[in-house]
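Trainee: Just dropping this structure here.
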Amino acid sequence: MDLKKVNILIIEDNEDDQLFIEELMIILQNKKDIDIKINLLFADSVKNGKKILAKKPDISVILLDLNLPKTKGFATIEAIEELIPLYPVIILSSIDDRRIAEKAVQSGIQNYITKEDLNEEFLLRTIEFAQERYKIIKEKEELILNLENALQEVKHLSGLLPICACCKKIKNHEGGWQELEEYIESQSPAEVSHSICPECLNKFEED
């Protein structure tokens, strides 16, 4: 995964933990075998984090502390609920709580890790995995949406079509009459091209 430029939003109110994460990032960037440029943004609450996202939406990943001044545990997860579909979110917690970890994953958060396990290599892998999982989930959602749209088009075109017996125009859903070519192009991605079949060509030559 290309991590040459990564914008990371850290929602953390503890200055010592902020400094610790920043030091880990500096260590990563100074490693010769890792070509990475990390831009860190800090917020001390979910509310302030959302303000940053409104001004700078190109965030690669969010690192979230659960125990903030106005939200704790489950309440913090609920406070960022609308952000989870938009960004990969990783929880950094001071406690290893299985119940909260399960709740977080069920809510769509990519990972739950404890601060005591944190080092620069582990943090980098966690960010990589979170971004990759998020990308796969989004691709899957897009595929499902495309399939649903295609199914709707098939259903729409598979019903009975009222066709004029004389001019061959088709009656649309609004009650108007459209040329066959116009109707097909308005109801599907297909484009109509014109040619002459062999039977009609023979009749034309005979005339």
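Starting from 1 in every chain, residues are counted up; chains themselves are A, B, ... following the order of the structure tokens, and ligands are numbered from 1 as listed.
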For Leu28 of chain A, find every residue with an atom within 8 Å (counting only C-alpha atoms), except residues of its own chain fewer than 5 positions away, and show them as a list in words.
Mentor: Ile34, Ile36, Glu120, Glu121 and Leu124 of chain A
Trainee: Could you give me, as a tab-separated table, every segment 34-131 of chain A residue with an atom at most 9 Å from segment 5-10 of chain A, plus its closest atom pair and distance in Å to one decimal, counting only C-alpha atoms, rows ordered by chain then number?
Mentor:
```
residue	atom	partner	partner_atom	distance
A:Ile36	CA	A:Lys5	CA	6.1
A:Lys37	CA	A:Lys5	CA	4.7
A:Ile38	CA	A:Val6	CA	4.9
A:Asn39	CA	A:Asn7	CA	4.8
A:Leu40	CA	A:Ile8	CA	5.0
A:Leu41	CA	A:Leu9	CA	4.8
A:Phe42	CA	A:Ile10	CA	4.9
A:Ala43	CA	A:Ile10	CA	6.2
A:Asp44	CA	A:Ile10	CA	8.3
A:Gly49	CA	A:Leu9	CA	7.5
A:Ile52	CA	A:Leu9	CA	8.4
A:Leu53	CA	A:Leu9	CA	8.4
A:Asp58	CA	A:Asn7	CA	7.2
A:Ile59	CA	A:Asn7	CA	5.0
A:Ser60	CA	A:Asn7	CA	5.2
A:Val61	CA	A:Ile8	CA	5.2
A:Ile62	CA	A:Leu9	CA	4.8
A:Leu63	CA	A:Ile10	CA	4.7
A:Leu64	CA	A:Ile10	CA	6.1
A:Asp65	CA	A:Ile10	CA	8.1
```
Trainee: Please identify which residues in segment 60-190 of chain A DSSP calls helix (DSSP H, G or I) from the backbone, and express them as a PyMOL selection string.
Mentor: chain A and resi 74-79+81-83+98-106+115-117+120-157+180-187
Trainee: Could you pull out the strand (DSSP E) residues of segment 2-206 of chain A from DSSP and send them as a ChimeraX atom specification?
Mentor: /A:5-11,37-43,61-65,89-93,111-114,170-171,177-178
Trainee: Using only C-alpha atoms, determine which residues lie at most 8 Å from Arg133 of chain A, disregarding the query and same-chain residues fewer than 4 positions distant; provide the list as a list in words.
Mentor: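 My reading of the contact set: Gln110, Phe129 and Ile137 of chain A.
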Trainee: Dump C-alpha atoms for the selected residues as a PDB file, in the first residue's frame?
Mentor:
```pdb
ATOM      1  CA  GLN A 110     -11.482  -1.043  11.608  1.00  0.00           C
ATOM      2  CA  PHE A 129      -4.546  -2.864   7.425  1.00  0.00           C
ATOM      3  CA  ILE A 137     -15.459  -2.668   2.137  1.00  0.00           C
TER       4      ILE A 137
END
```
Trainee: Which is closest to Ser45 of chain A among A:Leu180, A:Leu83, A:Ile136, A:Leu68, if we use only C-alpha atoms?
Mentor: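 Once distances to Ser45 of chain A are computed over only C-alpha atoms, the minimum belongs to A:Leu68.
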Trainee: Using only C-alpha atoms for the distances, tell me which of A:Ile84, A:Leu66, A:Ile127, A:Ile163 is nearest to Ile100 of chain A.
Mentor: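 Among the listed residues, A:Leu66 lies closest to Ile100 of chain A.
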